[in-house]
>>> print(open('entry.csv').read())   # CSV, C-alpha atoms
chain,number,residue,atom,x,y,z
A,553,MET,CA,38.7,51.3,68.0
A,554,ALA,CA,35.3,49.6,68.0
A,555,LYS,CA,34.8,46.9,70.5
A,556,THR,CA,33.8,43.5,69.2
A,557,VAL,CA,31.1,41.7,71.0
A,558,GLU,CA,30.2,38.1,70.2
A,559,LEU,CA,28.2,35.3,71.6
A,560,LEU,CA,30.5,32.7,73.3
A,561,GLY,CA,27.9,30.2,74.5
A,562,ALA,CA,24.4,29.6,75.7
A,563,ASN,CA,22.2,27.0,77.4
A,564,THR,CA,19.8,25.1,75.2
A,565,GLU,CA,16.4,25.7,76.9
A,566,SER,CA,14.7,28.1,79.3
A,567,ILE,CA,14.7,27.3,82.9
A,568,ARG,CA,12.3,27.6,85.8
A,569,LEU,CA,13.5,28.9,89.1
A,570,SER,CA,11.7,27.4,92.1
A,571,GLY,CA,12.6,25.9,95.4
A,572,THR,CA,16.1,26.3,96.6
A,573,GLU,CA,18.2,26.1,93.4
A,574,ALA,CA,18.3,25.7,89.7
A,575,ARG,CA,21.0,24.4,87.5
A,576,THR,CA,21.9,24.7,83.8
A,577,SER,CA,24.9,24.1,81.5
A,578,ILE,CA,26.2,26.6,79.0
A,579,ALA,CA,27.8,25.0,75.9
A,580,LEU,CA,30.6,27.1,74.5
A,581,ASP,CA,31.0,27.5,70.7
A,582,PRO,CA,34.5,25.9,69.9
A,583,ALA,CA,35.5,28.7,67.5
A,584,ALA,CA,34.6,31.5,69.9
A,585,ARG,CA,36.2,29.7,72.8
A,586,SER,CA,39.4,29.3,70.8
A,587,ARG,CA,39.4,33.1,70.1
A,588,LEU,CA,38.9,33.8,73.8
A,589,SER,CA,41.7,31.4,74.8
A,590,THR,CA,44.1,33.0,72.3
A,591,ASN,CA,43.3,36.4,73.6
A,592,LEU,CA,43.8,35.4,77.2
A,593,ASN,CA,47.1,33.7,76.4
A,594,GLU,CA,48.3,36.8,74.5
A,595,ALA,CA,47.1,39.1,77.3
A,596,ALA,CA,49.2,37.1,79.8
A,597,THR,CA,52.4,37.2,77.7
A,598,ARG,CA,52.2,40.7,76.0
A,599,SER,CA,50.4,42.6,78.7
A,600,ALA,CA,47.6,43.3,76.2
A,601,ALA,CA,44.1,44.0,77.6
A,602,PRO,CA,42.2,40.7,78.1
A,603,ASP,CA,38.7,40.3,76.8
A,604,ARG,CA,35.9,40.9,79.1
A,605,VAL,CA,33.3,38.2,79.5
A,606,PHE,CA,29.7,38.7,80.6
A,607,LEU,CA,27.0,36.3,81.7
A,608,ASN,CA,23.6,37.3,80.4
A,609,LEU,CA,20.3,36.2,82.0
A,610,GLU,CA,18.0,36.9,79.2
A,611,ASN,CA,14.2,37.3,79.3
A,612,VAL,CA,13.8,36.8,83.0
A,613,ARG,CA,10.0,36.7,83.6
A,614,GLY,CA,7.8,36.2,86.7
A,615,ILE,CA,5.2,37.7,89.0
A,616,SER,CA,7.3,38.1,92.2
A,617,ASP,CA,9.4,41.3,92.4
A,618,ALA,CA,10.7,40.1,95.8
A,619,THR,CA,12.8,37.3,94.4
A,620,ALA,CA,16.6,37.5,94.7
A,621,PHE,CA,19.3,34.9,93.9
A,622,ASN,CA,23.0,34.4,93.6
A,623,VAL,CA,24.5,33.1,90.4
A,624,TYR,CA,27.5,30.8,90.7
A,625,ILE,CA,29.7,29.3,88.0
A,626,ASN,CA,31.3,25.9,88.1
A,627,VAL,CA,30.8,25.1,91.8
A,628,PRO,CA,32.0,21.6,92.3
A,629,GLU,CA,29.2,19.0,92.4
A,630,GLY,CA,27.7,18.4,95.8
A,631,GLU,CA,29.5,21.3,97.5
A,632,ASN,CA,27.9,24.2,99.3
A,633,PRO,CA,28.1,27.2,97.0
A,634,ALA,CA,28.4,29.5,100.0
A,635,ASN,CA,31.9,28.0,100.6
A,636,HIS,CA,33.0,29.1,97.1
A,637,PRO,CA,32.7,32.9,97.0
A,638,ASP,CA,35.3,33.0,94.2
A,639,HIS,CA,32.7,31.2,92.0
A,640,LEU,CA,30.0,33.8,92.6
A,641,ALA,CA,29.2,35.7,89.4
A,642,GLY,CA,26.8,38.1,91.1
A,643,SER,CA,23.5,38.6,92.8
A,644,VAL,CA,20.3,39.4,91.0
A,645,ALA,CA,17.1,41.0,92.5
A,646,LEU,CA,14.1,40.8,90.3
A,647,PHE,CA,12.7,44.2,91.1
A,648,GLY,CA,10.3,45.2,88.4
A,649,VAL,CA,10.0,41.8,86.8
A,650,ARG,CA,6.2,41.6,87.2
A,651,LYS,CA,5.6,44.7,85.1
A,652,ALA,CA,8.2,43.8,82.6
A,653,SER,CA,6.5,40.4,82.1
A,654,ALA,CA,3.1,41.9,81.3
A,655,ALA,CA,2.6,41.8,77.6
A,656,ASP,CA,0.1,44.7,77.2
A,657,ASP,CA,1.5,47.3,79.6
A,658,LYS,CA,4.4,49.7,79.3
A,659,HIS,CA,6.7,46.7,78.4
A,660,ALA,CA,6.3,44.2,75.6
A,661,GLY,CA,6.4,41.3,78.0
A,662,ASP,CA,10.0,40.3,77.3
A,663,GLY,CA,10.9,40.4,81.0
A,664,LEU,CA,14.2,41.7,82.2
A,665,THR,CA,17.8,41.0,81.1
A,666,TYR,CA,20.7,41.0,83.6
A,667,VAL,CA,24.3,41.2,82.7
A,668,LEU,CA,27.0,40.0,85.1
A,669,ASP,CA,30.8,40.6,84.6
A,670,ILE,CA,32.4,37.2,84.9
A,671,SER,CA,35.8,38.1,83.4
A,672,SER,CA,37.8,37.2,86.6
A,673,ILE,CA,36.0,33.8,86.9
A,674,ILE,CA,36.7,33.0,83.3
A,675,ASP,CA,40.3,34.0,83.7
A,676,ARG,CA,40.7,31.6,86.6
A,677,LEU,CA,38.9,28.8,84.7
A,678,HIS,CA,41.2,29.5,81.7
A,679,LEU,CA,44.3,29.3,83.9
A,680,SER,CA,43.1,26.0,85.4
A,681,GLY,CA,42.2,24.6,82.0
A,682,ALA,CA,38.6,24.1,83.0
A,683,ILE,CA,37.3,26.2,80.2
A,684,ASP,CA,38.7,23.7,77.7
A,685,ALA,CA,35.9,21.4,78.7
A,686,GLY,CA,33.6,23.6,76.5
A,687,GLN,CA,30.9,23.9,79.2
A,688,LEU,CA,30.1,26.2,82.1
A,689,HIS,CA,27.8,25.0,84.8
A,690,VAL,CA,25.6,27.7,86.2
A,691,LEU,CA,24.0,27.4,89.6
A,692,LEU,CA,21.2,29.8,90.7
A,693,VAL,CA,20.7,29.9,94.5
A,694,PRO,CA,17.7,32.0,95.7
A,695,ARG,CA,18.2,33.9,99.0
A,696,ASN,CA,14.8,32.5,100.1
A,697,PRO,CA,13.1,29.5,98.6
A,698,VAL,CA,11.0,30.5,95.5
A,699,ALA,CA,7.4,29.4,95.3
A,700,THR,CA,6.3,27.8,92.1
A,701,GLU,CA,3.5,30.4,92.0
A,702,ALA,CA,6.1,33.1,91.5
A,703,GLN,CA,6.5,31.7,87.9
A,704,ILE,CA,10.1,32.8,87.7
A,705,SER,CA,11.7,31.7,84.4
A,706,ILE,CA,14.8,32.6,82.5
A,707,GLY,CA,14.5,32.4,78.8
A,708,ARG,CA,18.2,31.9,78.0
A,709,ILE,CA,21.5,32.1,79.9
A,710,SER,CA,24.3,33.1,77.6
A,711,VAL,CA,27.9,34.2,77.7
A,712,PHE,CA,29.3,37.1,75.6
A,713,ARG,CA,32.9,38.1,74.9
A,714,GLN,CA,33.8,41.7,74.5
A,715,SER,CA,37.2,42.4,73.0
A,716,ASN,CA,38.9,45.6,74.1
B,776,MET,CA,-15.7,46.3,35.3
B,777,THR,CA,-16.7,43.4,33.0
B,778,LEU,CA,-16.6,39.7,33.9
B,779,SER,CA,-13.6,39.2,31.6
B,780,GLY,CA,-11.9,42.2,33.2
B,781,ILE,CA,-12.4,40.7,36.6
B,782,CYS,CA,-11.1,37.3,35.5
B,783,SER,CA,-8.1,38.8,33.7
B,784,ALA,CA,-7.3,40.9,36.8
B,785,GLY,CA,-7.6,37.7,38.9
B,786,LEU,CA,-5.2,35.9,36.7
B,787,ARG,CA,-2.8,38.8,36.5
B,788,MET,CA,-2.7,39.3,40.2
B,789,PRO,CA,-0.7,36.2,41.3
B,790,LEU,CA,2.1,37.0,38.9
B,791,ALA,CA,2.5,40.8,38.2
B,792,ASP,CA,0.9,42.0,41.4
B,793,SER,CA,2.9,39.6,43.5
B,794,PHE,CA,6.0,40.9,42.0
B,795,ASN,CA,4.9,44.5,42.5
B,796,TRP,CA,4.0,43.7,46.1
B,797,LEU,CA,7.4,42.1,46.7
B,798,LEU,CA,9.1,45.2,45.3
B,799,MET,CA,6.9,47.4,47.5
B,800,LEU,CA,7.8,45.3,50.6
B,801,ALA,CA,11.5,45.4,49.7
B,802,ALA,CA,11.3,49.2,49.5
B,803,MET,CA,9.2,49.8,52.6
B,804,MET,CA,10.2,47.2,55.1
B,805,PRO,CA,13.9,47.6,55.7
B,806,PRO,CA,13.6,50.4,58.3
B,807,LEU,CA,11.0,48.4,60.2
B,808,ILE,CA,13.2,45.3,60.6
B,809,VAL,CA,16.5,46.9,61.6
B,810,ALA,CA,15.9,46.4,65.3
B,811,PRO,CA,14.7,42.8,65.2
B,812,LEU,CA,17.4,41.9,62.7
B,813,ARG,CA,20.0,43.4,65.1
B,814,HIS,CA,18.5,41.2,67.8
B,815,ALA,CA,18.8,38.1,65.7
B,816,ARG,CA,22.4,39.0,64.8
B,817,GLU,CA,23.5,39.8,68.3
B,818,ARG,CA,22.0,36.7,69.8
B,819,SER,CA,23.7,34.4,67.4
B,820,PHE,CA,27.2,33.0,67.1
B,821,ALA,CA,29.5,34.9,64.7
B,822,HIS,CA,29.4,32.1,62.2
B,823,ARG,CA,25.6,31.9,62.3
B,824,ARG,CA,24.7,35.6,62.1
B,825,ALA,CA,24.1,35.8,58.4
B,826,ARG,CA,22.1,32.6,58.4
B,827,ALA,CA,19.9,33.8,61.4
B,828,MET,CA,19.2,37.1,59.7
B,829,PHE,CA,18.4,35.4,56.4
B,830,LEU,CA,15.9,33.0,58.1
B,831,PHE,CA,14.3,35.9,60.0
B,832,VAL,CA,13.8,37.8,56.7
B,833,ILE,CA,12.4,34.7,55.0
B,834,GLY,CA,9.9,34.2,57.8
B,835,TYR,CA,9.0,37.9,57.9
B,836,GLY,CA,8.7,38.1,54.1
B,837,ALA,CA,6.5,34.9,53.9
B,838,VAL,CA,4.0,36.5,56.3
B,839,TRP,CA,3.9,39.7,54.4
B,840,MET,CA,3.6,37.9,51.0
B,841,THR,CA,0.6,35.9,52.3
B,842,ALA,CA,-0.9,39.0,53.8
B,843,GLY,CA,-0.4,40.7,50.4
B,844,ILE,CA,-2.8,38.2,48.8
B,845,GLY,CA,-5.5,39.2,51.3
B,846,LEU,CA,-4.8,42.9,50.9
B,847,GLN,CA,-4.9,42.6,47.1
B,848,VAL,CA,-8.2,40.8,47.3
B,849,MET,CA,-9.6,43.5,49.5
B,850,ALA,CA,-8.4,46.2,47.1
B,851,LEU,CA,-10.0,44.3,44.2
B,852,ALA,CA,-13.2,43.9,46.1
B,853,ALA,CA,-13.3,47.6,46.8
B,854,GLN,CA,-12.6,48.4,43.2
B,855,LEU,CA,-15.5,46.2,42.1
B,856,ALA,CA,-17.8,47.9,44.6
B,857,SER,CA,-16.8,51.3,43.4
B,858,SER,CA,-14.8,52.1,40.3
B,859,ASP,CA,-14.0,55.6,41.7
B,860,THR,CA,-10.5,55.5,43.0
B,861,LEU,CA,-11.0,58.4,45.3
B,862,THR,CA,-13.9,56.6,47.0
B,863,CYS,CA,-11.7,53.6,47.5
B,864,LEU,CA,-8.9,55.8,48.8
B,865,ALA,CA,-11.3,57.5,51.2
B,866,LEU,CA,-12.6,54.1,52.4
B,867,SER,CA,-9.1,52.8,53.0
B,868,ALA,CA,-8.1,56.0,54.8
B,869,SER,CA,-11.1,55.7,57.1
B,870,ALA,CA,-10.3,52.0,57.8
B,871,ALA,CA,-6.7,53.0,58.6
B,872,ALA,CA,-7.8,55.8,60.9
B,873,LEU,CA,-10.3,53.5,62.7
B,874,TRP,CA,-7.6,50.8,63.1
B,875,GLN,CA,-5.1,53.4,64.2
B,876,VAL,CA,-7.1,54.4,67.3
B,877,SER,CA,-8.2,50.9,68.2
B,878,PRO,CA,-6.8,48.7,71.1
B,879,ALA,CA,-6.1,46.0,68.5
B,880,LYS,CA,-3.6,48.1,66.8
B,881,GLN,CA,-1.8,48.7,70.2
B,882,TRP,CA,-1.9,44.9,70.8
B,883,CYS,CA,0.0,44.4,67.5
B,884,LEU,CA,2.4,47.3,68.1
B,885,ASN,CA,3.3,45.8,71.5
B,886,ARG,CA,4.2,42.5,69.8
B,887,CYS,CA,6.4,44.4,67.3
B,888,HIS,CA,8.5,45.3,70.4
B,889,ARG,CA,9.0,41.7,71.3
B,890,ARG,CA,12.6,40.4,71.4
B,891,PRO,CA,12.4,36.7,72.3
B,892,GLN,CA,15.2,34.5,73.5
B,893,LEU,CA,16.7,32.6,70.6
B,894,ALA,CA,18.2,29.2,70.6
B,895,ALA,CA,21.9,29.3,69.8
B,896,PHE,CA,22.8,25.8,68.4
B,897,GLY,CA,21.8,23.7,65.4
B,898,ALA,CA,18.4,23.3,63.9
B,899,ALA,CA,16.8,24.8,67.0
B,900,ALA,CA,18.6,28.1,66.3
B,901,ASP,CA,17.4,28.0,62.6
B,902,ARG,CA,13.9,27.4,63.7
B,903,ALA,CA,14.0,30.1,66.4
B,904,ALA,CA,15.2,32.7,63.9
B,905,PHE,CA,12.5,31.7,61.3
B,906,ASP,CA,9.8,31.7,64.0
B,907,PHE,CA,10.9,35.1,65.2
B,908,GLY,CA,10.5,36.3,61.6
B,909,LEU,CA,7.1,34.7,61.4
B,910,SER,CA,5.9,36.2,64.7
B,911,HIS,CA,7.4,39.6,64.0
B,912,GLY,CA,5.9,39.6,60.5
B,913,ALA,CA,2.5,38.7,61.9
B,914,ALA,CA,2.7,41.5,64.4
B,915,CYS,CA,3.8,43.9,61.7
B,916,VAL,CA,1.0,42.9,59.4
B,917,GLY,CA,-1.5,43.4,62.2
B,918,ALA,CA,-0.1,46.9,62.9
B,919,CYS,CA,0.3,48.0,59.3
B,920,TRP,CA,-2.3,46.2,57.1
B,921,ALA,CA,-4.7,49.2,57.0
B,922,LEU,CA,-1.9,51.6,56.2
B,923,MET,CA,-0.6,49.4,53.4
B,924,LEU,CA,-4.0,49.6,51.6
B,925,LEU,CA,-3.4,53.3,51.0
B,926,PRO,CA,-0.6,52.9,48.4
B,927,LEU,CA,-2.7,50.3,46.6
B,928,PHE,CA,-5.3,53.0,45.8
B,929,ALA,CA,-3.1,56.0,45.4
B,930,ARG,CA,-2.3,55.4,41.8
B,931,GLN,CA,-1.1,58.9,40.9
B,932,ALA,CA,1.0,59.3,44.1
B,933,HIS,CA,1.9,55.7,44.7
B,934,VAL,CA,5.5,56.3,45.5
B,935,LEU,CA,4.8,59.3,47.7
B,936,THR,CA,2.2,57.4,49.6
B,937,MET,CA,4.5,54.5,50.1
B,938,LEU,CA,7.2,56.8,51.5
B,939,ALA,CA,4.7,58.5,53.8
B,940,VAL,CA,3.4,55.1,55.1
B,941,MET,CA,6.9,53.8,55.6
B,942,LEU,CA,8.0,56.9,57.6
B,943,PHE,CA,4.8,56.8,59.7
B,944,ALA,CA,5.2,53.1,60.4
B,945,PHE,CA,8.8,53.5,61.3
B,946,ALA,CA,8.1,56.5,63.5
B,947,GLU,CA,5.3,54.9,65.4
B,948,ARG,CA,7.6,52.0,66.3
B,949,LEU,CA,9.8,54.4,68.2
B,950,GLU,CA,7.0,54.7,70.8
B,951,ASN,CA,7.1,52.4,73.8
B,952,ALA,CA,4.7,49.6,74.3
B,953,ALA,CA,1.5,50.8,76.0
B,954,PRO,CA,-1.7,49.5,77.6
B,955,LEU,CA,-4.5,48.6,75.3
B,956,ALA,CA,-7.0,51.5,74.8
B,957,TRP,CA,-9.0,53.5,72.3
B,958,ARG,CA,-6.8,56.5,71.7
B,959,TRP,CA,-4.9,58.3,69.0
B,960,ARG,CA,-1.4,57.0,68.5
B,961,GLY,CA,1.1,58.5,66.1
B,962,PRO,CA,4.7,59.4,65.7
B,963,GLY,CA,4.9,61.7,68.8
B,964,LYS,CA,8.4,60.6,69.9
B,965,ALA,CA,9.8,61.0,66.3
B,966,LEU,CA,8.4,64.5,66.1
B,967,ARG,CA,10.0,65.4,69.5
B,968,ILE,CA,13.3,64.0,68.4
B,969,ILE,CA,13.2,66.1,65.2
B,970,ALA,CA,12.2,69.2,67.2
B,971,ALA,CA,15.0,68.6,69.7
B,972,GLN,CA,17.6,68.1,66.9
B,973,ALA,CA,16.3,71.3,65.1
B,974,ARG,CA,16.7,73.3,68.4
B,975,MET,CA,20.2,71.9,68.9
B,976,HIS,CA,21.3,72.9,65.4
B,977,LEU,CA,19.6,76.3,65.5
B,978,ALA,CA,20.7,77.3,69.0
B,979,PRO,CA,24.4,77.9,68.2
B,980,ARG,CA,23.4,80.1,65.3
B,981,GLU,CA,21.0,82.1,67.4
B,982,ARG,CA,23.7,82.5,70.1
B,983,ALA,CA,26.2,83.7,67.5
B,984,LEU,CA,23.7,86.2,66.1
B,985,ARG,CA,23.0,87.5,69.6
B,986,THR,CA,26.7,87.8,70.3
B,987,ASN,CA,27.2,89.8,67.1
B,988,ASP,CA,24.4,92.1,68.0
>>> encode(input="entry.csv", output="structure tokens")
Amino acid sequence: MAKTVELLGANTESIRLSGTEARTSIALDPAARSRLSTNLNEAATRSAAPDRVFLNLENVRGISDATAFNVYINVPEGENPANHPDHLAGSVALFGVRKASAADDKHAGDGLTYVLDISSIIDRLHLSGAIDAGQLHVLLVPRNPVATEAQISIGRISVFRQSN
Amino acid sequence: MTLSGICSAGLRMPLADSFNWLLMLAAMMPPLIVAPLRHARERSFAHRRARAMFLFVIGYGAVWMTAGIGLQVMALAAQLASSDTLTCLALSASAAALWQVSPAKQWCLNRCHRRPQLAAFGAAADRAAFDFGLSHGAACVGACWALMLLPLFARQAHVLTMLAVMLFAFAERLENAAPLAWRWRGPGKALRIIAAQARMHLAPRERALRTND
């Protein structure tokens, strides 16, 4: 059976990554969120396969290949993200971003897109009811502080649902 | 061509030729916009997909309709300079060949590969889809304007020329983006795909024939 993939939510504007962290919020589409919640409820009761959920960092551009950062979801405000490894969506290293950001080379200048599997985090947020708030808070924490000159930007951060 | 002929052609152009141009675009462009349409669809919420694709097509079509006026004027000017259709066709073929090898063409082709981030919510999402259509249309016009002159002059083989131009334009979009340079660029990857497919289909037959021998 063909898998259905749909956009679940996205942030509203591109973000710059510089310094020691960057934050953004992802608004979830109510209808898509409802379909996800229904699926997760059914998966819990009927042992059906739960939907998988992915965080997409779209059109990541910049001129520093050496940048690496961790991506956290819904870390409580004011707390150290390192103390919340269960909120860690994944780590991203921007190897190749410089070439992918050049418009007139072997790439079209769209940058790179990274996909992180956040199914387990979403499952926990669903169980705690936090997903009903309709927003996910994304925190990007560079391994080393990022200089403004690195011009790291992320075009859009989005969440996709894939039904099995 | 007499003055009255020029005037009547000028008056006729906005109506009949615009409709013909629209038909020509509708016939030729669908294969060229499959990939960007898919991008607009996949990056939109399920309930906004049709709307995003529609707005992309409107933006894309608006650019091509505007470009059509320019191309029709160029065609008319060429016909005024020389009434011989073959001369016009040779001139447009030369222009297309020169454009084909130029860095400017590569600049446009590179922008045909662009897949920008699209806003997901409200009016910003509509604007993003429409703007994507405009920018993709502009890149497409830049890449194909010279090729699109050919069907305008090929009166006898109009449909055949349209088909050839469409296939060529589609095939050259299969190539990756590349640095800007003066060089020949064509449908190399498409030809390699066709050759590989042909080999795959012919190989079992050859093996079967060898086994029978």
>>> interface_residues(input="entry.csv", of="chain B", to="chain A", cutoff="10 Å", atoms="all atoms listed in the file", output="ChimeraX atom specification")
/B:816-822,881-896,899-900,951-955
>>> residues_around(input="entry.csv", residues="Pro628 (chain A)", least_positions_apart="6", cutoff="10 Å", atoms="all atoms listed in the file", output="PDB file with C-alpha atoms, keeping the file's coordinate frame")
ATOM      1  CA  HIS A 636      33.000  29.100  97.100  1.00  0.00           C
ATOM      2  CA  HIS A 639      32.700  31.200  92.000  1.00  0.00           C
ATOM      3  CA  HIS A 689      27.800  25.000  84.800  1.00  0.00           C
TER       4      HIS A 689
END
>>> residues_around(input="entry.csv", residues="region 793-806 of chain B", least_positions_apart="5", cutoff="10 Å", atoms="all atoms listed in the file", output="PyMOL selection string")
chain B and resi 787-788+812+832+835-836+839-841+843-844+847+915+923+926-927+934+937-942+944-946
>>> closest_residue(input="entry.csv", among="A:Asn593, A:Ser705, A:Asn716, A:Asn626", to="Ser653 (chain A)", atoms="all atoms listed in the file")
A:Ser705
>>> closest_residue(input="entry.csv", among="B:Ala978, B:Leu966, B:Leu807, B:Val838", to="Gly908 (chain B)", atoms="all atoms listed in the file")
B:Val838
>>> residues_around(input="entry.csv", residues="region 864-871 of chain B", least_positions_apart="6", cutoff="7 Å", atoms="all atoms listed in the file", output="ChimeraX atom specification")
/B:921-922,924-925,928-929
>>> atom_distance(input="entry.csv", atom1="CA of Phe907 (chain B)", atom2="CA of Arg713 (chain A)")
24.2 Å
>>> atom_distance(input="entry.csv", atom1="CA of Ser599 (chain A)", atom2="CA of Ser715 (chain A)")
14.4 Å
>>> atom_distance(input="entry.csv", atom1="CA of Asp675 (chain A)", atom2="CA of Val623 (chain A)")
17.2 Å
>>> residues_near_point(input="entry.csv", point="(5.8, 34.1, 87.2)", cutoff="7 Å", atoms="all atoms listed in the file", output="list in words")
Arg613, Gly614, Ile615, Ser616, Glu701, Ala702, Gln703, Ile704 and Ser705 of chain A
>>> closest_residue(input="entry.csv", among="A:Val627, A:Ile674, A:Ala652, A:Ala685", to="Pro602 (chain A)", atoms="only C-alpha atoms")
A:Ile674
